[in-house]
>>> print(open('input.txt').read())   # compact mmCIF, C-alpha atoms
# COMPACT_ATOMS: atom_id res chain seq x y z
CA MET A 1 246.44 -97.00 194.62
CA ASP A 2 247.24 -100.48 195.87
CA PHE A 3 250.78 -100.16 197.16
CA CYS A 4 251.24 -103.45 198.94
CA ARG A 5 249.87 -106.61 197.36
CA GLU A 6 251.79 -109.76 198.11
CA HIS A 7 254.16 -110.78 195.31
CA LYS A 8 253.55 -107.51 193.46
CA ARG A 9 256.33 -105.78 191.55
CA PHE A 10 257.84 -102.80 193.40
CA PHE A 11 256.45 -99.41 192.47
CA LEU A 12 258.82 -96.58 191.56
CA ILE A 13 258.83 -93.03 192.89
CA ALA A 14 261.13 -91.03 190.62
CA GLY A 15 261.85 -87.62 189.15
CA PRO A 16 264.16 -84.63 189.53
CA CYS A 17 264.82 -83.46 193.08
CA ALA A 18 263.51 -79.94 192.42
CA ILE A 19 261.23 -78.36 189.84
CA GLU A 20 263.77 -76.22 188.02
CA SER A 21 261.71 -75.60 184.88
CA ARG A 22 258.70 -76.93 182.99
CA GLU A 23 261.00 -78.31 180.29
CA LEU A 24 263.08 -80.29 182.79
CA VAL A 25 260.03 -81.77 184.47
CA PHE A 26 258.27 -82.80 181.26
CA HIS A 27 261.41 -84.25 179.70
CA SER A 28 262.08 -86.32 182.83
CA ALA A 29 258.46 -87.42 183.29
CA THR A 30 258.07 -88.42 179.64
CA GLU A 31 261.24 -90.52 179.64
CA LEU A 32 260.44 -92.14 182.99
CA LYS A 33 256.96 -93.03 181.75
CA ARG A 34 258.40 -94.58 178.57
CA VAL A 35 260.86 -96.72 180.53
CA CYS A 36 258.39 -97.80 183.20
CA GLU A 37 255.71 -98.73 180.68
CA ALA A 38 258.24 -100.84 178.79
CA LEU A 39 259.26 -102.60 182.02
CA HIS A 40 255.74 -102.83 183.49
CA ILE A 41 256.62 -100.81 186.59
CA ASP A 42 254.03 -98.55 188.27
CA LEU A 43 255.50 -95.03 188.27
CA ILE A 44 254.75 -92.18 190.66
CA PHE A 45 256.34 -88.96 189.44
CA LYS A 46 258.15 -86.93 192.09
CA SER A 47 259.56 -83.43 192.10
CA SER A 48 259.61 -80.69 194.73
CA PHE A 49 258.29 -77.16 194.26
CA ASP A 50 260.38 -75.97 197.22
CA LYS A 51 263.55 -77.37 198.74
CA ALA A 52 263.18 -75.77 202.15
CA ASN A 53 265.63 -78.00 204.04
CA ARG A 54 268.83 -76.59 202.55
CA THR A 55 272.22 -76.33 204.24
CA ASN A 56 272.60 -72.68 203.19
CA VAL A 57 270.62 -70.00 201.39
CA SER A 58 270.43 -71.30 197.82
CA GLU A 59 268.07 -72.06 194.95
CA ARG A 60 264.94 -73.81 196.16
CA GLY A 61 262.72 -74.41 193.12
CA LEU A 62 259.87 -72.53 191.44
CA GLY A 63 257.60 -72.22 194.48
CA ILE A 64 254.20 -73.62 195.28
CA GLU A 65 252.05 -71.80 192.70
CA ASP A 66 254.19 -72.37 189.62
CA GLY A 67 255.39 -75.75 190.83
CA LEU A 68 251.92 -77.16 191.38
CA ALA A 69 250.78 -75.84 188.01
CA ILE A 70 253.57 -77.81 186.31
CA LEU A 71 252.88 -80.95 188.33
CA ASN A 72 249.19 -80.73 187.52
CA GLU A 73 250.02 -80.42 183.83
CA VAL A 74 252.17 -83.56 184.08
CA LYS A 75 249.33 -85.36 185.82
CA GLN A 76 246.73 -84.36 183.25
CA THR A 77 248.89 -84.72 180.15
CA LEU A 78 250.85 -87.88 180.97
CA GLY A 79 248.38 -89.52 183.33
CA LEU A 80 250.95 -90.00 186.09
CA PRO A 81 250.24 -89.95 189.83
CA ILE A 82 252.16 -87.19 191.59
CA LEU A 83 254.20 -87.02 194.80
CA THR A 84 255.64 -83.81 196.20
CA ASP A 85 256.90 -82.48 199.54
CA VAL A 86 255.08 -80.32 202.04
CA HIS A 87 256.99 -78.32 204.65
CA GLU A 88 254.28 -76.33 206.40
CA CYS A 89 250.74 -77.16 207.50
CA TRP A 90 249.09 -74.55 205.27
CA GLN A 91 250.61 -76.16 202.17
CA CYS A 92 248.80 -79.48 202.65
CA GLU A 93 245.38 -78.46 201.36
CA PRO A 94 246.49 -76.81 198.09
CA VAL A 95 249.07 -79.52 197.43
CA ALA A 96 246.46 -82.25 197.96
CA ARG A 97 244.37 -80.77 195.12
CA VAL A 98 247.15 -81.85 192.74
CA ALA A 99 249.31 -84.49 194.40
CA ASP A 100 248.20 -88.05 195.00
CA ILE A 101 250.85 -88.46 197.71
CA LEU A 102 252.06 -85.82 200.15
CA GLN A 103 255.61 -86.36 201.35
CA ILE A 104 256.92 -85.41 204.78
CA PRO A 105 260.68 -84.74 204.52
CA ALA A 106 262.97 -86.65 206.87
CA PHE A 107 263.93 -83.57 208.86
CA LEU A 108 260.22 -82.96 209.58
CA SER A 109 259.21 -86.54 210.37
CA ARG A 110 258.44 -85.75 214.01
CA GLN A 111 256.40 -82.61 213.28
CA THR A 112 253.01 -83.66 214.65
CA ASP A 113 250.98 -80.78 213.23
CA LEU A 114 252.40 -81.26 209.74
CA ILE A 115 251.85 -85.02 209.72
CA GLN A 116 248.27 -84.62 210.89
CA ALA A 117 247.51 -81.78 208.46
CA ALA A 118 248.69 -84.06 205.64
CA ALA A 119 246.64 -86.95 207.00
CA ARG A 120 243.47 -84.88 207.11
CA THR A 121 243.63 -84.23 203.36
CA GLY A 122 242.75 -87.89 202.77
CA ARG A 123 245.72 -88.32 200.46
CA VAL A 124 248.38 -90.98 200.89
CA VAL A 125 251.23 -89.65 203.04
CA ASN A 126 254.83 -90.75 202.52
CA VAL A 127 256.90 -90.12 205.64
CA LYS A 128 260.65 -90.34 205.33
CA LYS A 129 262.21 -91.72 208.48
CA GLY A 130 264.42 -89.05 210.02
CA GLN A 131 268.16 -89.64 209.92
CA PHE A 132 267.99 -89.37 213.72
CA MET A 133 265.20 -91.95 214.23
CA ALA A 134 265.15 -95.68 214.85
CA PRO A 135 262.83 -97.72 212.61
CA TRP A 136 260.49 -98.54 215.49
CA ASP A 137 260.12 -94.80 216.17
CA MET A 138 257.90 -94.73 213.09
CA GLN A 139 255.15 -96.23 215.25
CA GLY A 140 254.75 -92.71 216.59
CA VAL A 141 254.13 -91.45 213.05
CA ILE A 142 251.50 -94.15 212.58
CA ASN A 143 249.82 -93.14 215.84
CA LYS A 144 249.73 -89.49 214.76
CA MET A 145 248.25 -90.38 211.39
CA ARG A 146 245.57 -92.55 212.96
CA ALA A 147 244.72 -89.87 215.50
CA ALA A 148 244.02 -87.60 212.52
CA GLY A 149 241.76 -90.23 210.96
CA SER A 150 244.00 -91.81 208.33
CA ASP A 151 246.13 -94.90 207.82
CA ARG A 152 247.02 -94.14 204.19
CA LEU A 153 250.73 -94.22 204.83
CA LEU A 154 254.05 -95.16 203.26
CA LEU A 155 257.23 -95.45 205.33
CA THR A 156 260.52 -94.57 203.64
CA GLU A 157 264.07 -95.45 204.67
CA ARG A 158 266.76 -92.96 203.61
CA GLY A 159 269.74 -93.73 205.84
CA SER A 160 270.81 -92.78 209.34
CA SER A 161 273.35 -90.22 210.51
CA PHE A 162 276.71 -91.77 211.25
CA GLY A 163 279.04 -89.22 212.75
CA TYR A 164 279.48 -85.97 210.85
CA GLY A 165 278.75 -85.79 207.13
CA ASN A 166 277.92 -89.44 206.60
CA LEU A 167 274.88 -91.71 206.34
CA VAL A 168 274.62 -95.45 206.64
CA VAL A 169 271.73 -97.77 205.81
CA ASP A 170 270.85 -100.52 208.24
CA MET A 171 268.99 -102.97 206.03
CA THR A 172 267.30 -104.50 209.07
CA SER A 173 265.46 -101.16 209.34
CA LEU A 174 263.41 -102.21 206.30
CA VAL A 175 262.38 -105.39 208.10
CA GLU A 176 261.55 -103.54 211.31
CA MET A 177 259.40 -100.95 209.54
CA ARG A 178 257.58 -103.59 207.50
CA ARG A 179 256.57 -105.21 210.79
CA LEU A 180 254.61 -102.04 211.55
CA GLY A 181 252.14 -103.11 208.86
CA PHE A 182 252.62 -100.48 206.17
CA PRO A 183 254.33 -100.46 202.76
CA VAL A 184 258.04 -99.72 202.96
CA VAL A 185 259.97 -97.68 200.40
CA PHE A 186 263.74 -97.48 200.02
CA ASP A 187 265.18 -94.12 198.98
CA ALA A 188 268.41 -95.17 197.31
CA THR A 189 269.59 -91.74 196.17
CA HIS A 190 269.23 -89.79 199.43
CA SER A 191 270.85 -92.68 201.26
CA VAL A 192 274.17 -91.90 199.53
CA GLN A 193 274.23 -88.25 200.57
CA LYS A 194 277.20 -86.78 202.41
CA PRO A 195 275.52 -83.96 204.35
CA SER A 196 277.34 -80.61 204.43
CA THR A 197 280.63 -82.03 203.16
CA GLN A 198 281.24 -79.82 200.12
CA GLN A 199 282.02 -76.38 201.54
CA GLY A 200 278.64 -75.98 203.18
CA ILE A 201 276.56 -77.96 200.71
CA THR A 202 275.52 -81.60 200.69
CA GLY A 203 277.69 -83.99 198.76
CA GLY A 204 277.09 -87.59 197.85
CA ASN A 205 278.20 -90.56 195.81
CA ARG A 206 275.75 -91.72 193.14
CA GLU A 207 278.07 -94.61 192.26
CA MET A 208 276.92 -96.36 195.45
CA VAL A 209 273.19 -96.20 194.56
CA PRO A 210 273.08 -99.54 192.66
CA PHE A 211 274.72 -101.41 195.52
CA LEU A 212 272.31 -100.14 198.17
CA MET A 213 269.38 -100.66 195.81
CA ARG A 214 270.35 -104.30 195.29
CA ALA A 215 270.61 -104.90 199.03
CA ALA A 216 267.23 -103.31 199.75
CA LEU A 217 265.50 -105.28 197.01
CA ALA A 218 267.07 -108.47 198.36
CA VAL A 219 265.61 -107.72 201.79
CA GLY A 220 262.22 -107.07 200.19
CA ILE A 221 260.61 -103.66 199.65
CA ASP A 222 257.32 -102.39 198.28
CA GLY A 223 258.64 -99.26 196.61
CA LEU A 224 261.87 -97.81 195.28
CA PHE A 225 262.64 -94.08 195.39
CA LEU A 226 265.15 -92.65 192.91
CA GLU A 227 265.85 -89.03 192.10
CA VAL A 228 266.93 -88.63 188.48
CA HIS A 229 268.00 -85.69 186.35
CA PRO A 230 269.12 -85.27 182.74
CA ASP A 231 272.28 -83.47 183.93
CA PRO A 232 272.79 -84.10 187.67
CA PRO A 233 276.07 -82.15 188.09
CA HIS A 234 274.17 -78.98 187.13
CA ALA A 235 271.06 -79.67 189.23
CA ILE A 236 270.15 -76.99 191.77
CA SER A 237 269.96 -79.60 194.57
CA ASP A 238 271.34 -83.08 195.24
CA ALA A 239 273.75 -82.71 192.33
CA ALA A 240 276.10 -85.35 193.73
CA ASN A 241 273.59 -88.11 194.36
CA GLN A 242 270.88 -87.81 191.70
CA LEU A 243 271.13 -90.41 188.96
CA PHE A 244 271.55 -89.65 185.28
CA LEU A 245 268.19 -90.06 183.57
CA SER A 246 269.93 -91.89 180.73
CA ASP A 247 271.08 -94.61 183.16
CA ILE A 248 267.67 -95.41 184.63
CA GLN A 249 266.52 -98.22 182.32
CA PRO A 250 269.41 -100.68 182.86
CA LEU A 251 269.29 -99.97 186.59
CA LEU A 252 265.58 -100.80 186.73
CA GLU A 253 266.11 -103.93 184.65
CA GLU A 254 268.56 -105.09 187.29
CA ALA A 255 266.09 -104.16 190.04
CA ILE A 256 263.38 -106.27 188.38
CA ALA A 257 265.68 -109.29 188.20
CA ILE A 258 266.31 -109.15 191.94
CA ASP A 259 262.66 -108.45 192.76
CA ASN A 260 261.59 -111.47 190.69
CA VAL A 261 263.80 -113.78 192.74
CA VAL A 262 262.83 -112.36 196.13
CA LYS A 263 259.08 -112.29 195.43
CA ASN A 264 259.01 -115.39 193.25
CA ILE A 265 257.31 -113.45 190.48
>>> encode(input="input.txt", output="structure tokens")
Amino acid sequence: MDFCREHKRFFLIAGPCAIESRELVFHSATELKRVCEALHIDLIFKSSFDKANRTNVSERGLGIEDGLAILNEVKQTLGLPILTDVHECWQCEPVARVADILQIPAFLSRQTDLIQAAARTGRVVNVKKGQFMAPWDMQGVINKMRAAGSDRLLLTERGSSFGYGNLVVDMTSLVEMRRLGFPVVFDATHSVQKPSTQQGITGGNREMVPFLMRAALAVGIDGLFLEVHPDPPHAISDAANQLFLSDIQPLLEEAIAIDNVVKNI
């Protein structure tokens, strides 16, 4: 996958936060594929078999065995590349048999053993910059990847902690990370989270997603990350910040308009 050609349209990483059921995943993947094909956007389908970084004990998804089986079916049936999270070193090898991209969650972005286990699979690795990290701290991630023999890396911005229960996005972070020489992705939906603000669960404000997305595209990004769900208020995770699947096409049409201007496409 060529993620970073000059003047190339942004690629999209999108899907439901968690694998709740086969029906949910296939409905979301089929609709996302339809929209992205119509708009000529390269789609990478994303959903997590386990949401291990939860505020409290709660639903986490279908687990690695059932989750990977569903993702593999999506890959084979719809022909979509797959991205999913890994949380522990032992997960990297089995996940790499299905996923084209292994994702390191933001809370685990300094876990050396996990980053290097993902790197050794030979798959692309998407590392989300921790909410507690400066953009230039991602040079350490690059060094760890290279020490494990890989530079197949994406760097993702998803906001920085600002006091308690709030995130802010410093758009200059996108510029700083791009200077490190790797494709940069903006995660617009996780950037509007309000961690641990709803009686022990993470809140958010999906209404702010379009505004942050516009700003990131204006700065210039290689990829856009959006979590979408047919019925976000009833999702088992990120219910407050996932986008409605039905709203995705007009949002992406707006994203293309901005990308065209910035990249002179």
>>> closest_residue(input="input.txt", among="A:Pro230, A:Gly140, A:Gly122, A:Gly79", to="Leu180 (chain A)", atoms="all atoms listed in the file")
A:Gly140
>>> closest_residue(input="input.txt", among="A:Arg206, A:Val228, A:Gly61, A:Thr156", to="Ala29 (chain A)", atoms="all atoms listed in the file")
A:Val228
>>> atom_distance(input="input.txt", atom1="CA of Ala14 (chain A)", atom2="CA of Gln111 (chain A)")
24.6 Å
>>> closest_residue(input="input.txt", among="A:Gly67, A:Ser47, A:Ala106, A:Pro81", to="Lys33 (chain A)", atoms="all atoms listed in the file")
A:Pro81
>>> axis_aligned_box(input="input.txt", around="region 101-106 of chain A", padding_each_side="3 Å", output="lines of an AutoDock Vina configuration file")
center_x = 256.9
center_y = -86.6
center_z = 202.3
size_x = 18.1
size_y = 9.7
size_z = 15.2
>>> residues_around(input="input.txt", residues="Gly163 (chain A)", least_positions_apart="3", cutoff="12 Å", atoms="all atoms listed in the file", output="PyMOL selection string")
chain A and resi 131-132+160+166-168+194-195
>>> residues_around(input="input.txt", residues="Glu65 (chain A)", least_positions_apart="2", cutoff="10 Å", atoms="all atoms listed in the file", output="PDB file with C-alpha atoms, in the frame of the given file")
ATOM      1  CA  PHE A  49     258.290 -77.160 194.260  1.00  0.00           C
ATOM      2  CA  LEU A  62     259.870 -72.530 191.440  1.00  0.00           C
ATOM      3  CA  GLY A  63     257.600 -72.220 194.480  1.00  0.00           C
ATOM      4  CA  GLY A  67     255.390 -75.750 190.830  1.00  0.00           C
ATOM      5  CA  LEU A  68     251.920 -77.160 191.380  1.00  0.00           C
ATOM      6  CA  ALA A  69     250.780 -75.840 188.010  1.00  0.00           C
ATOM      7  CA  ILE A  70     253.570 -77.810 186.310  1.00  0.00           C
ATOM      8  CA  PRO A  94     246.490 -76.810 198.090  1.00  0.00           C
ATOM      9  CA  VAL A  95     249.070 -79.520 197.430  1.00  0.00           C
TER      10      VAL A  95
END
>>> atom_distance(input="input.txt", atom1="CA of Ala99 (chain A)", atom2="CA of Gln76 (chain A)")
11.4 Å
>>> closest_residue(input="input.txt", among="A:Lys263, A:Arg120, A:Lys46, A:Lys75", to="Ile13 (chain A)", atoms="all atoms listed in the file")
A:Lys46
>>> closest_residue(input="input.txt", among="A:Leu114, A:Val125, A:Ile221, A:Ile248", to="Gln91 (chain A)", atoms="only C-alpha atoms")
A:Leu114
>>> closest_residue(input="input.txt", among="A:Leu24, A:Val74, A:Ala255, A:Val175", to="Val98 (chain A)", atoms="only C-alpha atoms")
A:Val74
>>> residues_around(input="input.txt", residues="Leu252 (chain A)", least_positions_apart="2", cutoff="10 Å", atoms="all atoms listed in the file", output="PyMOL selection string")
chain A and resi 12+35-36+39+41+210+213+224+247-250+254-258
>>> atom_distance(input="input.txt", atom1="CA of Phe186 (chain A)", atom2="CA of Ala216 (chain A)")
6.8 Å
>>> residues_around(input="input.txt", residues="Val169 (chain A)", least_positions_apart="3", cutoff="12 Å", atoms="all atoms listed in the file", output="compact mmCIF listing (two decimals) with C-alpha atoms, keeping the file's coordinate frame")
# COMPACT_ATOMS: atom_id res chain seq x y z
CA LYS A 129 262.21 -91.72 208.48
CA GLN A 131 268.16 -89.64 209.92
CA ALA A 134 265.15 -95.68 214.85
CA PRO A 135 262.83 -97.72 212.61
CA THR A 156 260.52 -94.57 203.64
CA GLU A 157 264.07 -95.45 204.67
CA ARG A 158 266.76 -92.96 203.61
CA GLY A 159 269.74 -93.73 205.84
CA SER A 160 270.81 -92.78 209.34
CA SER A 161 273.35 -90.22 210.51
CA PHE A 162 276.71 -91.77 211.25
CA ASN A 166 277.92 -89.44 206.60
CA THR A 172 267.30 -104.50 209.07
CA SER A 173 265.46 -101.16 209.34
CA LEU A 174 263.41 -102.21 206.30
CA PHE A 186 263.74 -97.48 200.02
CA ASP A 187 265.18 -94.12 198.98
CA ALA A 188 268.41 -95.17 197.31
CA THR A 189 269.59 -91.74 196.17
CA HIS A 190 269.23 -89.79 199.43
CA SER A 191 270.85 -92.68 201.26
CA VAL A 192 274.17 -91.90 199.53
CA GLN A 193 274.23 -88.25 200.57
CA MET A 208 276.92 -96.36 195.45
CA VAL A 209 273.19 -96.20 194.56
CA PHE A 211 274.72 -101.41 195.52
CA LEU A 212 272.31 -100.14 198.17
CA MET A 213 269.38 -100.66 195.81
CA ALA A 215 270.61 -104.90 199.03
CA ALA A 216 267.23 -103.31 199.75
>>> residues_around(input="input.txt", residues="Met138 (chain A)", least_positions_apart="2", cutoff="10 Å", atoms="only C-alpha atoms", output="list of chain:residue names")
A:Ser109, A:Arg110, A:Val127, A:Lys128, A:Lys129, A:Gly130, A:Met133, A:Ala134, A:Pro135, A:Trp136, A:Gly140, A:Val141, A:Ile142, A:Asn143, A:Lys144, A:Leu155, A:Thr156, A:Glu176, A:Met177, A:Leu180
>>> build_atoms(input="input.txt", residues="region 61-74 of chain A", atoms="N, CA, C and O atoms", output="PDB file, in the coordinates of the input")
ATOM      1  N   GLY A  61     263.783 -73.940 194.009  1.00  0.00           N
ATOM      2  CA  GLY A  61     262.720 -74.410 193.120  1.00  0.00           C
ATOM      3  C   GLY A  61     261.821 -73.262 192.725  1.00  0.00           C
ATOM      4  O   GLY A  61     262.058 -72.107 193.074  1.00  0.00           O
ATOM      5  N   LEU A  62     260.728 -73.573 192.011  1.00  0.00           N
ATOM      6  CA  LEU A  62     259.870 -72.530 191.440  1.00  0.00           C
ATOM      7  C   LEU A  62     258.796 -72.022 192.391  1.00  0.00           C
ATOM      8  O   LEU A  62     258.083 -71.085 192.070  1.00  0.00           O
ATOM      9  N   GLY A  63     258.633 -72.663 193.546  1.00  0.00           N
ATOM     10  CA  GLY A  63     257.600 -72.220 194.480  1.00  0.00           C
ATOM     11  C   GLY A  63     256.295 -72.953 194.280  1.00  0.00           C
ATOM     12  O   GLY A  63     256.078 -73.630 193.268  1.00  0.00           O
ATOM     13  N   ILE A  64     255.403 -72.796 195.241  1.00  0.00           N
ATOM     14  CA  ILE A  64     254.200 -73.620 195.280  1.00  0.00           C
ATOM     15  C   ILE A  64     253.250 -73.349 194.115  1.00  0.00           C
ATOM     16  O   ILE A  64     252.707 -74.285 193.521  1.00  0.00           O
ATOM     17  N   GLU A  65     253.030 -72.103 193.747  1.00  0.00           N
ATOM     18  CA  GLU A  65     252.050 -71.800 192.700  1.00  0.00           C
ATOM     19  C   GLU A  65     252.502 -72.323 191.342  1.00  0.00           C
ATOM     20  O   GLU A  65     251.786 -73.090 190.682  1.00  0.00           O
ATOM     21  N   ASP A  66     253.693 -71.920 190.922  1.00  0.00           N
ATOM     22  CA  ASP A  66     254.190 -72.370 189.620  1.00  0.00           C
ATOM     23  C   ASP A  66     254.507 -73.857 189.631  1.00  0.00           C
ATOM     24  O   ASP A  66     254.255 -74.566 188.639  1.00  0.00           O
ATOM     25  N   GLY A  67     255.041 -74.343 190.738  1.00  0.00           N
ATOM     26  CA  GLY A  67     255.390 -75.750 190.830  1.00  0.00           C
ATOM     27  C   GLY A  67     254.185 -76.668 190.726  1.00  0.00           C
ATOM     28  O   GLY A  67     254.200 -77.657 189.988  1.00  0.00           O
ATOM     29  N   LEU A  68     253.118 -76.332 191.444  1.00  0.00           N
ATOM     30  CA  LEU A  68     251.920 -77.160 191.380  1.00  0.00           C
ATOM     31  C   LEU A  68     251.264 -77.101 190.008  1.00  0.00           C
ATOM     32  O   LEU A  68     250.694 -78.089 189.543  1.00  0.00           O
ATOM     33  N   ALA A  69     251.343 -75.948 189.356  1.00  0.00           N
ATOM     34  CA  ALA A  69     250.780 -75.840 188.010  1.00  0.00           C
ATOM     35  C   ALA A  69     251.489 -76.797 187.054  1.00  0.00           C
ATOM     36  O   ALA A  69     250.844 -77.469 186.219  1.00  0.00           O
ATOM     37  N   ILE A  70     252.811 -76.904 187.169  1.00  0.00           N
ATOM     38  CA  ILE A  70     253.570 -77.810 186.310  1.00  0.00           C
ATOM     39  C   ILE A  70     253.251 -79.258 186.647  1.00  0.00           C
ATOM     40  O   ILE A  70     253.037 -80.093 185.749  1.00  0.00           O
ATOM     41  N   LEU A  71     253.200 -79.579 187.928  1.00  0.00           N
ATOM     42  CA  LEU A  71     252.880 -80.950 188.330  1.00  0.00           C
ATOM     43  C   LEU A  71     251.475 -81.350 187.888  1.00  0.00           C
ATOM     44  O   LEU A  71     251.249 -82.494 187.468  1.00  0.00           O
ATOM     45  N   ASN A  72     250.550 -80.435 187.969  1.00  0.00           N
ATOM     46  CA  ASN A  72     249.190 -80.730 187.520  1.00  0.00           C
ATOM     47  C   ASN A  72     249.151 -80.970 186.009  1.00  0.00           C
ATOM     48  O   ASN A  72     248.422 -81.851 185.523  1.00  0.00           O
ATOM     49  N   GLU A  73     249.952 -80.225 185.279  1.00  0.00           N
ATOM     50  CA  GLU A  73     250.020 -80.420 183.830  1.00  0.00           C
ATOM     51  C   GLU A  73     250.595 -81.801 183.501  1.00  0.00           C
ATOM     52  O   GLU A  73     250.123 -82.486 182.592  1.00  0.00           O
ATOM     53  N   VAL A  74     251.619 -82.220 184.252  1.00  0.00           N
ATOM     54  CA  VAL A  74     252.170 -83.560 184.080  1.00  0.00           C
ATOM     55  C   VAL A  74     251.097 -84.610 184.351  1.00  0.00           C
ATOM     56  O   VAL A  74     250.925 -85.574 183.594  1.00  0.00           O
TER      57      VAL A  74
END
